[in-house]
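Colleague: You'll find query_31.txt just under this line, and it carries compact mmCIF, C-alpha atoms and all ligand atoms.
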```txt
# COMPACT_ATOMS: atom_id res chain seq x y z
CA MET A 1 0.00 0.00 0.00
CA GLY A 2 1.32 3.45 -0.92
CA LYS A 3 1.49 6.43 1.34
CA PRO A 4 -1.84 8.03 2.28
CA LYS A 5 -2.54 10.90 -0.11
CA VAL A 6 -3.30 14.26 1.44
CA VAL A 7 -4.22 17.47 -0.33
CA LEU A 8 -3.23 20.57 1.64
CA GLY A 9 -5.31 23.50 0.45
CA VAL A 10 -3.97 26.90 1.44
CA SER A 11 -6.06 30.03 1.04
CA GLY A 12 -4.93 33.63 1.23
CA GLY A 13 -4.48 34.61 4.85
CA ILE A 14 -1.44 35.59 6.87
CA ALA A 15 -1.63 32.22 8.68
CA ALA A 16 -0.52 30.58 5.40
CA TYR A 17 3.01 30.53 6.81
CA LYS A 18 1.84 28.19 9.58
CA ALA A 19 0.69 25.71 6.93
CA CYS A 20 4.38 25.09 6.13
CA GLU A 21 4.74 23.45 9.55
CA LEU A 22 1.59 21.39 8.96
CA LEU A 23 3.00 20.28 5.60
CA ARG A 24 6.28 19.25 7.25
CA ARG A 25 4.46 17.22 9.90
CA LEU A 26 2.39 15.48 7.25
CA THR A 27 5.31 14.60 4.97
CA GLU A 28 7.60 13.55 7.83
CA SER A 29 4.94 11.18 9.16
CA GLY A 30 4.72 9.36 5.83
CA HIS A 31 2.01 11.14 3.87
CA ASP A 32 2.17 12.02 0.20
CA VAL A 33 1.06 15.66 0.18
CA ARG A 34 -0.06 17.76 -2.78
CA VAL A 35 -0.33 21.43 -1.97
CA ALA A 36 -3.09 23.39 -3.69
CA PRO A 37 -2.67 27.06 -2.81
CA THR A 38 -5.00 29.76 -4.05
CA GLU A 39 -3.59 32.62 -6.09
CA SER A 40 -3.86 34.92 -3.08
CA ALA A 41 -2.12 32.40 -0.78
CA LEU A 42 0.96 32.85 -2.96
CA HIS A 43 1.14 36.50 -1.80
CA PHE A 44 2.01 35.13 1.63
CA VAL A 45 4.08 32.02 0.84
CA GLY A 46 5.51 31.37 -2.61
CA ALA A 47 5.12 28.28 -4.81
CA ALA A 48 8.81 27.40 -4.37
CA THR A 49 8.29 26.80 -0.64
CA TRP A 50 5.25 24.54 -1.16
CA SER A 51 6.97 22.67 -3.93
CA ALA A 52 10.23 22.14 -2.02
CA LEU A 53 8.48 21.00 1.17
CA SER A 54 6.00 18.69 -0.57
CA GLY A 55 8.29 17.31 -3.28
CA HIS A 56 5.59 17.92 -5.90
CA PRO A 57 5.00 20.65 -8.47
CA VAL A 58 2.56 23.28 -7.29
CA SER A 59 -0.10 25.09 -9.23
CA THR A 60 -3.03 27.26 -8.33
CA GLU A 61 -5.09 26.68 -11.42
CA VAL A 62 -6.45 23.95 -13.62
CA TRP A 63 -4.56 24.83 -16.82
CA ASP A 64 -1.21 23.28 -15.92
CA GLY A 65 -0.68 19.66 -17.02
CA VAL A 66 -4.19 19.53 -18.51
CA HIS A 67 -3.54 16.08 -20.03
CA GLU A 68 -3.49 14.69 -16.49
CA VAL A 69 -6.84 16.34 -15.73
CA PRO A 70 -5.56 17.62 -12.34
CA HIS A 71 -8.77 19.38 -11.37
CA VAL A 72 -10.50 16.02 -11.13
CA ARG A 73 -7.70 13.57 -10.39
CA ILE A 74 -6.15 15.24 -7.33
CA GLY A 75 -9.45 15.30 -5.47
CA GLN A 76 -10.52 11.82 -6.56
CA GLU A 77 -7.27 10.22 -5.41
CA ALA A 78 -7.07 11.98 -2.04
CA ASP A 79 -7.49 10.17 1.28
CA LEU A 80 -7.86 13.51 3.07
CA VAL A 81 -8.21 17.14 2.07
CA VAL A 82 -7.27 19.73 4.67
CA VAL A 83 -7.64 23.45 4.02
CA ALA A 84 -5.48 25.51 6.38
CA PRO A 85 -5.91 28.37 6.64
CA ALA A 86 -9.45 28.53 5.26
CA THR A 87 -10.42 32.18 4.71
CA ALA A 88 -14.00 33.49 4.86
CA ASP A 89 -13.91 33.63 1.05
CA MET A 90 -12.78 29.99 0.80
CA LEU A 91 -15.55 28.82 3.16
CA ALA A 92 -18.09 30.75 1.09
CA LYS A 93 -16.84 29.24 -2.16
CA ALA A 94 -16.81 25.73 -0.71
CA ALA A 95 -20.29 26.12 0.77
CA HIS A 96 -21.66 27.28 -2.59
CA GLY A 97 -19.76 24.81 -4.74
CA LEU A 98 -17.87 27.43 -6.73
CA ALA A 99 -14.95 26.02 -8.69
CA ASP A 100 -12.71 28.67 -10.19
CA ASP A 101 -9.27 27.30 -9.31
CA LEU A 102 -7.51 24.02 -8.55
CA LEU A 103 -8.38 23.96 -4.83
CA THR A 104 -12.10 24.64 -5.25
CA ASN A 105 -12.29 22.04 -8.06
CA THR A 106 -10.53 19.57 -5.80
CA LEU A 107 -13.08 20.20 -3.04
CA LEU A 108 -15.87 19.27 -5.43
CA THR A 109 -14.25 16.07 -6.66
CA ALA A 110 -12.98 14.78 -3.30
CA ARG A 111 -15.02 11.98 -1.72
CA CYS A 112 -12.69 11.58 1.27
CA PRO A 113 -12.89 13.37 4.64
CA VAL A 114 -12.45 17.14 4.33
CA VAL A 115 -11.10 19.30 7.17
CA PHE A 116 -11.27 23.10 7.19
CA ALA A 117 -9.16 25.12 9.64
CA PRO A 118 -10.57 28.65 9.34
CA ALA A 119 -8.50 31.72 10.24
CA MET A 120 -9.75 35.29 9.92
CA HIS A 121 -10.62 38.35 11.96
CA THR A 122 -13.21 37.85 14.67
CA GLU A 123 -15.80 40.02 12.90
CA MET A 124 -15.50 37.96 9.71
CA TRP A 125 -15.76 34.69 11.64
CA GLU A 126 -18.81 35.88 13.57
CA HIS A 127 -20.59 37.32 10.52
CA PRO A 128 -23.84 35.46 9.86
CA ALA A 129 -22.73 34.79 6.26
CA THR A 130 -19.63 32.95 7.46
CA GLN A 131 -21.51 31.14 10.23
CA GLU A 132 -24.12 29.94 7.75
CA ASN A 133 -21.42 28.73 5.37
CA VAL A 134 -19.73 26.86 8.21
CA ALA A 135 -23.06 25.30 9.21
CA THR A 136 -23.66 24.24 5.59
CA LEU A 137 -20.23 22.63 5.33
CA ARG A 138 -20.68 20.82 8.65
CA ARG A 139 -24.12 19.58 7.64
CA ARG A 140 -22.57 18.08 4.52
CA GLY A 141 -20.02 16.18 6.60
CA ALA A 142 -16.95 18.42 6.50
CA LEU A 143 -15.03 18.88 9.73
CA VAL A 144 -14.71 22.62 10.36
CA ILE A 145 -12.37 23.30 13.29
CA ASP A 146 -13.31 26.35 15.34
CA PRO A 147 -10.51 28.94 15.27
CA ALA A 148 -8.50 29.58 18.41
CA VAL A 149 -8.72 32.71 20.54
CA GLY A 150 -5.60 34.86 20.63
CA ARG A 151 -3.48 37.37 18.80
CA LEU A 152 -4.62 38.11 15.25
CA THR A 153 -2.83 40.11 12.55
CA GLY A 154 -1.72 43.48 13.89
CA VAL A 155 -2.70 44.39 17.42
CA ASP A 156 -6.12 42.67 17.53
CA THR A 157 -6.91 39.69 19.69
CA GLY A 158 -10.01 37.51 19.58
CA LYS A 159 -11.43 34.36 18.07
CA GLY A 160 -10.08 33.77 14.60
CA ARG A 161 -6.54 32.54 15.05
CA LEU A 162 -5.38 29.43 13.23
CA PRO A 163 -4.84 26.72 15.85
CA ASP A 164 -1.29 25.49 16.34
CA PRO A 165 -0.35 23.51 13.17
CA VAL A 166 0.83 20.63 15.37
CA GLU A 167 -2.72 20.36 16.71
CA ILE A 168 -4.25 20.60 13.22
CA PHE A 169 -1.93 17.76 12.27
CA GLU A 170 -3.23 15.77 15.28
CA ILE A 171 -6.80 16.22 13.99
CA CYS A 172 -5.77 15.12 10.47
CA ARG A 173 -3.98 12.07 11.84
CA ARG A 174 -7.04 11.00 13.81
CA VAL A 175 -9.44 11.60 10.91
CA LEU A 176 -7.23 9.52 8.61
CA ALA A 177 -6.89 6.76 11.23
CA ARG A 178 -10.66 6.52 11.68
CA GLY A 179 -11.10 6.24 7.94
CA VAL A 180 -14.73 7.38 7.91
CA THR A 181 -15.86 10.23 5.73
CA GLN A 182 -18.45 11.74 8.07
CA PRO A 183 -17.65 12.77 11.64
CA ASP A 184 -20.13 11.08 14.02
CA LEU A 185 -20.31 13.59 16.89
CA VAL A 186 -21.38 16.58 14.81
CA GLY A 187 -23.99 18.71 16.56
CA ARG A 188 -23.05 17.29 19.97
CA HIS A 189 -21.64 19.36 22.81
CA VAL A 190 -19.27 17.43 25.03
CA VAL A 191 -17.71 18.66 28.25
CA VAL A 192 -14.46 17.03 29.37
CA SER A 193 -12.63 17.75 32.62
CA ALA A 194 -8.90 16.99 32.71
CA GLY A 195 -5.92 17.28 35.02
CA GLY A 196 -5.72 17.35 38.78
CA THR A 197 -7.08 19.94 41.17
CA ARG A 198 -4.80 21.75 43.59
CA GLU A 199 -6.07 22.79 46.98
CA PRO A 200 -4.03 25.69 48.33
CA LEU A 201 -2.67 25.83 51.89
CA ASP A 202 -1.01 29.20 51.48
CA PRO A 203 0.19 31.30 48.50
CA VAL A 204 3.05 28.87 47.77
CA ARG A 205 1.80 25.40 48.78
CA PHE A 206 -1.02 23.13 47.78
CA LEU A 207 -2.33 19.59 48.11
CA GLY A 208 -2.34 18.01 44.67
CA ASN A 209 -2.23 14.71 42.85
CA ARG A 210 -0.26 13.03 40.09
CA SER A 211 -2.80 13.37 37.26
CA SER A 212 -1.11 14.67 34.09
CA GLY A 213 -4.32 15.43 32.19
CA LYS A 214 -3.18 13.42 29.15
CA GLN A 215 -6.20 11.08 29.15
CA GLY A 216 -8.62 14.02 29.35
CA TYR A 217 -6.78 15.81 26.56
CA ALA A 218 -6.87 12.66 24.43
CA LEU A 219 -10.65 12.59 24.97
CA ALA A 220 -10.97 16.26 23.99
CA ARG A 221 -8.80 15.85 20.87
CA THR A 222 -10.62 12.75 19.65
CA ALA A 223 -14.04 14.31 20.26
CA ALA A 224 -13.02 17.39 18.24
CA ALA A 225 -11.73 15.17 15.43
CA ARG A 226 -15.13 13.41 15.45
CA GLY A 227 -16.91 16.75 14.98
CA ALA A 228 -18.13 17.51 18.52
CA ARG A 229 -18.19 20.96 20.06
CA VAL A 230 -15.84 20.46 22.96
CA THR A 231 -15.51 22.36 26.23
CA LEU A 232 -12.33 21.26 27.98
CA ILE A 233 -12.14 22.21 31.65
CA GLU A 234 -8.52 21.84 32.59
CA ALA A 235 -6.92 21.89 36.00
CA ASN A 236 -3.17 22.45 36.21
CA THR A 237 -2.02 20.45 33.20
CA GLY A 238 0.31 22.81 31.33
CA LEU A 239 -0.48 20.83 28.14
CA PRO A 240 -0.79 22.52 24.71
CA ASP A 241 -4.31 23.60 23.69
CA PRO A 242 -5.99 21.11 21.34
CA ALA A 243 -7.36 22.57 18.09
CA GLY A 244 -11.02 23.49 17.89
CA VAL A 245 -11.69 23.15 21.62
CA ASP A 246 -12.99 25.79 24.07
CA ILE A 247 -10.78 25.79 27.13
CA VAL A 248 -11.77 26.79 30.65
CA ARG A 249 -8.92 26.92 33.17
CA VAL A 250 -9.52 26.11 36.82
CA GLY A 251 -7.36 25.40 39.86
CA THR A 252 -9.38 23.90 42.71
CA ALA A 253 -12.19 21.37 43.04
CA VAL A 254 -14.65 24.13 43.90
CA GLN A 255 -13.71 26.06 40.74
CA LEU A 256 -13.94 22.85 38.69
CA ARG A 257 -17.43 22.21 40.04
CA GLU A 258 -18.53 25.75 39.07
CA ALA A 259 -17.12 25.36 35.56
CA VAL A 260 -18.76 21.94 35.06
CA LEU A 261 -22.14 23.15 36.31
CA LYS A 262 -21.91 26.19 33.99
CA ALA A 263 -21.04 24.13 30.89
CA ALA A 264 -23.30 21.14 31.61
CA PRO A 265 -26.81 22.52 30.95
CA ASP A 266 -26.51 22.28 27.15
CA ALA A 267 -24.05 19.37 27.10
CA ASP A 268 -24.95 16.02 25.56
CA VAL A 269 -22.08 14.34 27.37
CA VAL A 270 -20.02 15.18 30.44
CA VAL A 271 -16.80 13.24 30.97
CA MET A 272 -15.13 13.63 34.36
CA ALA A 273 -11.57 12.60 33.60
CA ALA A 274 -10.07 15.04 36.09
CA ALA A 275 -8.63 13.79 39.36
CA VAL A 276 -10.57 15.84 41.86
CA ALA A 277 -9.23 16.24 45.39
CA ASP A 278 -11.72 14.75 47.83
CA PHE A 279 -10.57 17.09 50.59
CA ARG A 280 -9.26 20.63 50.89
CA PRO A 281 -7.57 22.41 53.79
CA GLU A 282 -10.19 24.01 56.00
CA ASN A 283 -8.14 27.19 56.29
CA TYR A 284 -6.14 29.10 53.73
CA ALA A 285 -3.26 31.17 55.10
CA THR A 286 -3.02 34.41 53.15
CA GLY A 287 0.67 34.67 54.05
CA LYS A 288 3.27 31.90 53.71
CA ILE A 289 3.12 29.45 56.64
CA LYS A 290 6.40 29.81 58.59
CA LYS A 291 8.08 27.23 60.79
CA LYS A 292 8.51 28.35 64.38
CA ASP A 293 11.63 27.36 66.29
CA GLY A 294 11.00 24.72 68.92
CA GLN A 295 7.33 24.27 67.96
CA ASP A 296 5.62 21.34 66.26
CA PRO A 297 3.86 22.17 63.00
CA GLU A 298 0.17 23.03 63.18
CA PRO A 299 -1.98 20.09 61.97
CA ILE A 300 -3.73 20.59 58.66
CA VAL A 301 -7.48 20.18 59.05
CA LEU A 302 -9.24 18.96 55.92
CA VAL A 303 -12.86 19.34 54.84
CA ARG A 304 -14.75 17.41 52.15
CA ASN A 305 -14.94 18.76 48.62
CA PRO A 306 -18.17 18.38 46.65
CA ASP A 307 -18.45 15.19 44.58
CA ILE A 308 -18.98 16.71 41.14
CA LEU A 309 -19.56 13.42 39.31
CA ALA A 310 -22.23 12.30 41.78
CA GLU A 311 -23.92 15.71 41.68
CA ILE A 312 -24.05 15.94 37.91
CA SER A 313 -25.17 12.29 37.63
CA SER A 314 -28.09 12.90 39.97
CA ASP A 315 -29.34 15.81 37.82
CA ARG A 316 -31.35 14.16 35.06
CA SER A 317 -33.08 17.39 33.98
CA ARG A 318 -31.62 17.11 30.47
CA PRO A 319 -33.00 13.89 29.04
CA GLY A 320 -30.47 11.74 27.23
CA ARG A 321 -27.41 13.46 28.64
CA LEU A 322 -24.68 10.90 29.28
CA ILE A 323 -22.31 11.12 32.19
CA VAL A 324 -18.95 9.34 32.09
CA GLY A 325 -16.73 8.95 35.14
CA PHE A 326 -13.24 7.62 35.70
CA ALA A 327 -12.07 5.50 38.57
CA ALA A 328 -8.50 5.16 39.57
CA GLU A 329 -8.09 2.05 41.72
CA THR A 330 -5.10 0.30 43.22
CA ASP A 331 -6.79 -2.92 44.50
CA ASP A 332 -9.86 -5.03 43.63
CA VAL A 333 -10.14 -2.92 40.52
CA LEU A 334 -13.34 -4.34 38.98
CA ALA A 335 -15.30 -4.87 42.21
CA ASN A 336 -14.45 -1.35 43.38
CA GLY A 337 -15.33 -0.02 39.95
CA ARG A 338 -18.81 -1.63 39.95
CA ALA A 339 -19.50 -0.29 43.44
CA LYS A 340 -18.30 3.19 42.41
CA LEU A 341 -20.48 3.18 39.29
CA ARG A 342 -23.54 2.51 41.45
CA ARG A 343 -22.50 5.03 44.10
CA LYS A 344 -21.85 7.82 41.62
CA GLY A 345 -24.86 7.07 39.41
CA CYS A 346 -23.08 7.75 36.10
CA ASP A 347 -23.80 5.97 32.80
CA LEU A 348 -20.27 4.77 32.05
CA LEU A 349 -17.26 4.38 34.31
CA VAL A 350 -13.75 3.94 32.94
CA VAL A 351 -11.86 1.90 35.51
CA ASN A 352 -8.10 1.72 35.49
CA GLU A 353 -5.50 0.44 37.81
CA VAL A 354 -3.06 3.05 39.01
CA GLY A 355 0.16 2.90 40.94
CA GLU A 356 3.52 4.58 41.20
CA ARG A 357 4.53 3.66 37.65
CA LYS A 358 1.14 2.95 36.12
CA THR A 359 -0.91 5.40 34.06
CA PHE A 360 0.01 8.71 35.70
CA GLY A 361 1.91 10.83 33.22
CA SER A 362 2.34 7.97 30.74
CA GLU A 363 1.14 7.90 27.14
CA GLU A 364 -0.54 4.52 27.59
CA ASN A 365 -3.45 3.20 29.54
CA GLU A 366 -5.38 -0.04 30.08
CA ALA A 367 -8.93 0.00 31.33
CA VAL A 368 -12.34 -1.58 31.49
CA VAL A 369 -15.35 0.57 30.67
CA LEU A 370 -18.32 -0.42 32.83
CA GLY A 371 -21.83 0.52 31.79
CA ALA A 372 -24.79 1.15 34.10
CA ASP A 373 -26.59 -1.31 31.78
CA GLY A 374 -24.21 -4.06 32.97
CA SER A 375 -21.91 -3.92 29.94
CA GLU A 376 -18.17 -4.42 30.33
CA THR A 377 -15.75 -3.29 27.61
CA PRO A 378 -12.09 -4.15 28.18
CA VAL A 379 -9.61 -1.83 26.47
CA PRO A 380 -6.18 -3.46 26.09
CA TYR A 381 -2.96 -1.68 27.06
CA GLY A 382 -2.32 0.98 24.42
CA PRO A 383 -2.26 4.70 23.68
CA LYS A 384 -4.62 6.90 25.73
CA GLU A 385 -6.04 7.97 22.39
CA ALA A 386 -7.28 4.42 21.71
CA LEU A 387 -9.11 4.38 25.05
CA ALA A 388 -10.58 7.78 24.19
CA GLU A 389 -11.89 6.44 20.85
CA THR A 390 -13.53 3.49 22.63
CA VAL A 391 -15.21 5.84 25.12
CA TRP A 392 -16.62 7.93 22.25
CA ASP A 393 -17.72 4.77 20.40
CA LEU A 394 -19.68 3.69 23.48
CA VAL A 395 -21.06 7.20 23.92
CA ALA A 396 -22.03 7.53 20.24
CA SER A 397 -23.90 4.20 20.29
CA ARG A 398 -25.81 5.31 23.40
CA LEU A 399 -26.63 8.77 22.04
CA GLY A 400 -28.31 7.05 19.10
N1 LIG B 1 -14.83 12.97 41.28
C1 LIG B 1 -15.58 14.11 41.37
N2 LIG B 1 -15.55 14.85 42.52
C2 LIG B 1 -14.80 14.47 43.56
C3 LIG B 1 -14.02 13.29 43.48
C4 LIG B 1 -14.05 12.55 42.31
O1 LIG B 1 -16.28 14.45 40.42
N3 LIG B 1 -14.79 15.19 44.66
C5 LIG B 1 -14.90 12.16 40.04
C6 LIG B 1 -13.63 12.00 39.26
O2 LIG B 1 -13.49 13.00 38.27
C7 LIG B 1 -13.79 10.63 38.62
C8 LIG B 1 -14.63 9.88 39.62
O3 LIG B 1 -15.25 10.87 40.42
O4 LIG B 1 -14.51 10.69 37.43
C9 LIG B 1 -13.95 8.91 40.51
O5 LIG B 1 -12.81 9.44 41.10
P1 LIG B 1 -12.02 8.63 42.20
O6 LIG B 1 -10.98 9.50 42.79
O7 LIG B 1 -11.60 7.31 41.66
O8 LIG B 1 -13.20 8.32 43.23
P2 LIG B 1 -13.55 8.89 44.61
O9 LIG B 1 -14.96 9.33 44.61
O10 LIG B 1 -12.55 9.87 45.07
O11 LIG B 1 -13.51 7.57 45.50
P3 LIG B 1 -12.34 6.95 46.40
O12 LIG B 1 -11.29 8.00 46.55
O13 LIG B 1 -13.03 6.63 47.64
O14 LIG B 1 -11.88 5.75 45.65
```
Please rewrite the model in this file as structure tokens.
Ligand code: CTP
Modeller:
Amino acid sequence: MGKPKVVLGVSGGIAAYKACELLRRLTESGHDVRVAPTESALHFVGAATWSALSGHPVSTEVWDGVHEVPHVRIGQEADLVVVAPATADMLAKAAHGLADDLLTNTLLTARCPVVFAPAMHTEMWEHPATQENVATLRRRGALVIDPAVGRLTGVDTGKGRLPDPVEIFEICRRVLARGVTQPDLVGRHVVVSAGGTREPLDPVRFLGNRSSGKQGYALARTAAARGARVTLIEANTGLPDPAGVDIVRVGTAVQLREAVLKAAPDADVVVMAAAVADFRPENYATGKIKKKDGQDPEPIVLVRNPDILAEISSDRSRPGRLIVGFAAETDDVLANGRAKLRRKGCDLLVVNEVGERKTFGSEENEAVVLGADGSETPVPYGPKEALAETVWDLVASRLG
């Protein structure tokens, strides 16, 4: 089998330079990439760059090499088309089926998954014309990644930034690996919590845990690659922002609870992958706690934190909403997992065994997903991403 064929469409925005990094990632990971820039994209990055990095000739229009019928062939042969950056104009053309250059022709002939990574000024992104075009493209099965919030061209900041090319690459990799043309979580809002809460004792110290947040991030990335609108509530991870995901940053269990309760009302799924501290210090010292010569340290008195998973599971006001919990266990993993599933009242519980060298901070995981319906789905030792895909498979089949 040859290398997977990817078409990288580049339209005319300043973020075109970031597509060079995406192209590099794609070629270095074994993809055969044809770049199809628009005429205006070449104002930002020239054909020589695209050609050198892809190892293929580059053209913007359909009149080069006509005997090979490129306007049809490139799209037909592609395993994935990704347009990054996609300007407002490109989204409009794609939504209306215009075909006046090589890229727009390719979009009409491609039958493979198509990913758009829009980048533009906030006003252009928010304009009803653009939003309707995005909705049209999504309805037809394209994956349109929401732009990131941050610095735009010039001094502006807002929503409209092209996500980090490394993260766009991650989406492309997952879409190619799934091998299905239509994303299956389109129109769904999923809320994922990730990381570990920190309960402060004073301005410099806290009680924390070993959770890295990688499993929660893998869940957020895979859900975005499957078309969901994703709210990622992250506690103290320091991990790079996944593409197309809204991020809410929290520190403590109480803040995490607030963020989950705020995002949950219109969520179809809530996944509690965060390691939430069960207790917090009763008192917070506003100044650094000092040792006193000749005196024993003051004991730390702890109070219970709210159980967010149990609280959200007991609220069944939104019919059909699925709640997924995680259980980290060191002994009697399955029996404890079953008991926890009942106690918490969630729909699915991902149970994994943890220990000093197991799971925390690693790229791999092994788990069993228990269902409130009695189902038991073992997930063999493998990348956290594979476990994430299984969780979404189980969720998707239950959402109907
Ligand atoms: N959880 C939560 N709120 C808490 C504690 C845990 O929402 N205060 C959630 C976690 O996000 C996870 C699940 O509950 O999805 C189970 O977490 P775990 O630490 O394994 O369970 P605990 O309830 O803390 O039970 P125990 O420590 O007794 O095993």
Colleague: For a cut-off of 7 Å around (-13.4, 3.3, 30.3), file coordinates, pick out all residues using all atoms listed in the file and list them as a PyMOL selection string.
Modeller: chain A and resi 326+349-351+367-370+387+391
Colleague: Mind dumping the selected residues with C-alpha atoms as a PDB file, in the coordinates of the input?
Modeller:
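What landed in result.pdb:
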```pdb
ATOM      1  CA  PHE A 326     -13.240   7.620  35.700  1.00  0.00           C
ATOM      2  CA  LEU A 349     -17.260   4.380  34.310  1.00  0.00           C
ATOM      3  CA  VAL A 350     -13.750   3.940  32.940  1.00  0.00           C
ATOM      4  CA  VAL A 351     -11.860   1.900  35.510  1.00  0.00           C
ATOM      5  CA  ALA A 367      -8.930   0.000  31.330  1.00  0.00           C
ATOM      6  CA  VAL A 368     -12.340  -1.580  31.490  1.00  0.00           C
ATOM      7  CA  VAL A 369     -15.350   0.570  30.670  1.00  0.00           C
ATOM      8  CA  LEU A 370     -18.320  -0.420  32.830  1.00  0.00           C
ATOM      9  CA  LEU A 387      -9.110   4.380  25.050  1.00  0.00           C
ATOM     10  CA  VAL A 391     -15.210   5.840  25.120  1.00  0.00           C
TER      11      VAL A 391
END
```
Colleague: Padding of 6 Å on every side, edges along x, y and z, all listed atoms of ligand LIG 1 (chain B) included: what centre and edge lengths in Å, to one decimal, does that box have, as lines of an AutoDock Vina configuration file?
Modeller:
```
center_x = -13.6
center_y = 10.5
center_z = 42.5
size_x = 17.3
size_y = 21.4
size_z = 22.2
```
Colleague: Take atom CA of Asp246 of chain A and atom CA of His96 of chain A and report the distance between them in Å, one decimal.
Modeller: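 Atom CA of His96 of chain A lies at a distance of 28.1 Å from atom CA of Asp246 of chain A.
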Colleague: Set the distance at 10 Å and use all atoms listed in the file: which residues neighbour Val115 of chain A once local chain neighbours fewer than 2 positions away are removed? I'd like the list as a PyMOL selection string.
Modeller: chain A and resi 8-9+80-84+86+112-113+117-118+137-138+141-145+168+171-172+175+225
Colleague: Which chains and residue numbers are within 10 Å of ligand LIG 1 (chain B), counting all atoms listed in the file, if I want them as a PyMOL selection string?
Modeller: chain A and resi 192-197+253-254+256-257+260+270-280+304-313+323-330+336-337+339-341+343-344+346+348-354
Colleague: Between atom CA of Leu201 of chain A and atom CA of Gly251 of chain A, measure the distance and give it in Å to one decimal.
Modeller: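 Computed distance, atom CA of Leu201 of chain A to atom CA of Gly251 of chain A, equals 12.9 Å.
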Colleague: Can you check which parts of segment 227-279 of chain A lie within 12 Å of segment 149-159 of chain A? Per residue, the shortest pair of atoms and distance in Å to one decimal, counting all atoms listed in the file, sorted by chain and number, as CSV.
Modeller:
```
residue,atom,partner,partner_atom,distance
A:Asp241,CA,A:Val149,CA,10.6
A:Pro242,CA,A:Val149,CA,11.9
A:Ala243,CA,A:Val149,CA,10.5
A:Gly244,CA,A:Val149,CA,9.9
A:Val245,CA,A:Val149,CA,10.1
A:Asp246,CA,A:Val149,CA,8.9
A:Ile247,CA,A:Val149,CA,9.8
```
Colleague: Write only C-alpha atoms for segment 376-392 of chain A from the block just shown, as a PDB file, in the first residue's frame.
Modeller:
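The resulting part28.pdb:
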```pdb
ATOM      1  CA  GLU A 376     -18.169  -4.419  30.332  1.00  0.00           C
ATOM      2  CA  THR A 377     -15.747  -3.286  27.607  1.00  0.00           C
ATOM      3  CA  PRO A 378     -12.091  -4.149  28.180  1.00  0.00           C
ATOM      4  CA  VAL A 379      -9.615  -1.830  26.470  1.00  0.00           C
ATOM      5  CA  PRO A 380      -6.177  -3.457  26.090  1.00  0.00           C
ATOM      6  CA  TYR A 381      -2.957  -1.685  27.059  1.00  0.00           C
ATOM      7  CA  GLY A 382      -2.324   0.981  24.424  1.00  0.00           C
ATOM      8  CA  PRO A 383      -2.264   4.704  23.681  1.00  0.00           C
ATOM      9  CA  LYS A 384      -4.621   6.898  25.733  1.00  0.00           C
ATOM     10  CA  GLU A 385      -6.040   7.972  22.389  1.00  0.00           C
ATOM     11  CA  ALA A 386      -7.284   4.424  21.706  1.00  0.00           C
ATOM     12  CA  LEU A 387      -9.105   4.379  25.048  1.00  0.00           C
ATOM     13  CA  ALA A 388     -10.580   7.778  24.190  1.00  0.00           C
ATOM     14  CA  GLU A 389     -11.890   6.440  20.847  1.00  0.00           C
ATOM     15  CA  THR A 390     -13.526   3.489  22.633  1.00  0.00           C
ATOM     16  CA  VAL A 391     -15.208   5.840  25.121  1.00  0.00           C
ATOM     17  CA  TRP A 392     -16.625   7.926  22.247  1.00  0.00           C
TER      18      TRP A 392
END
```
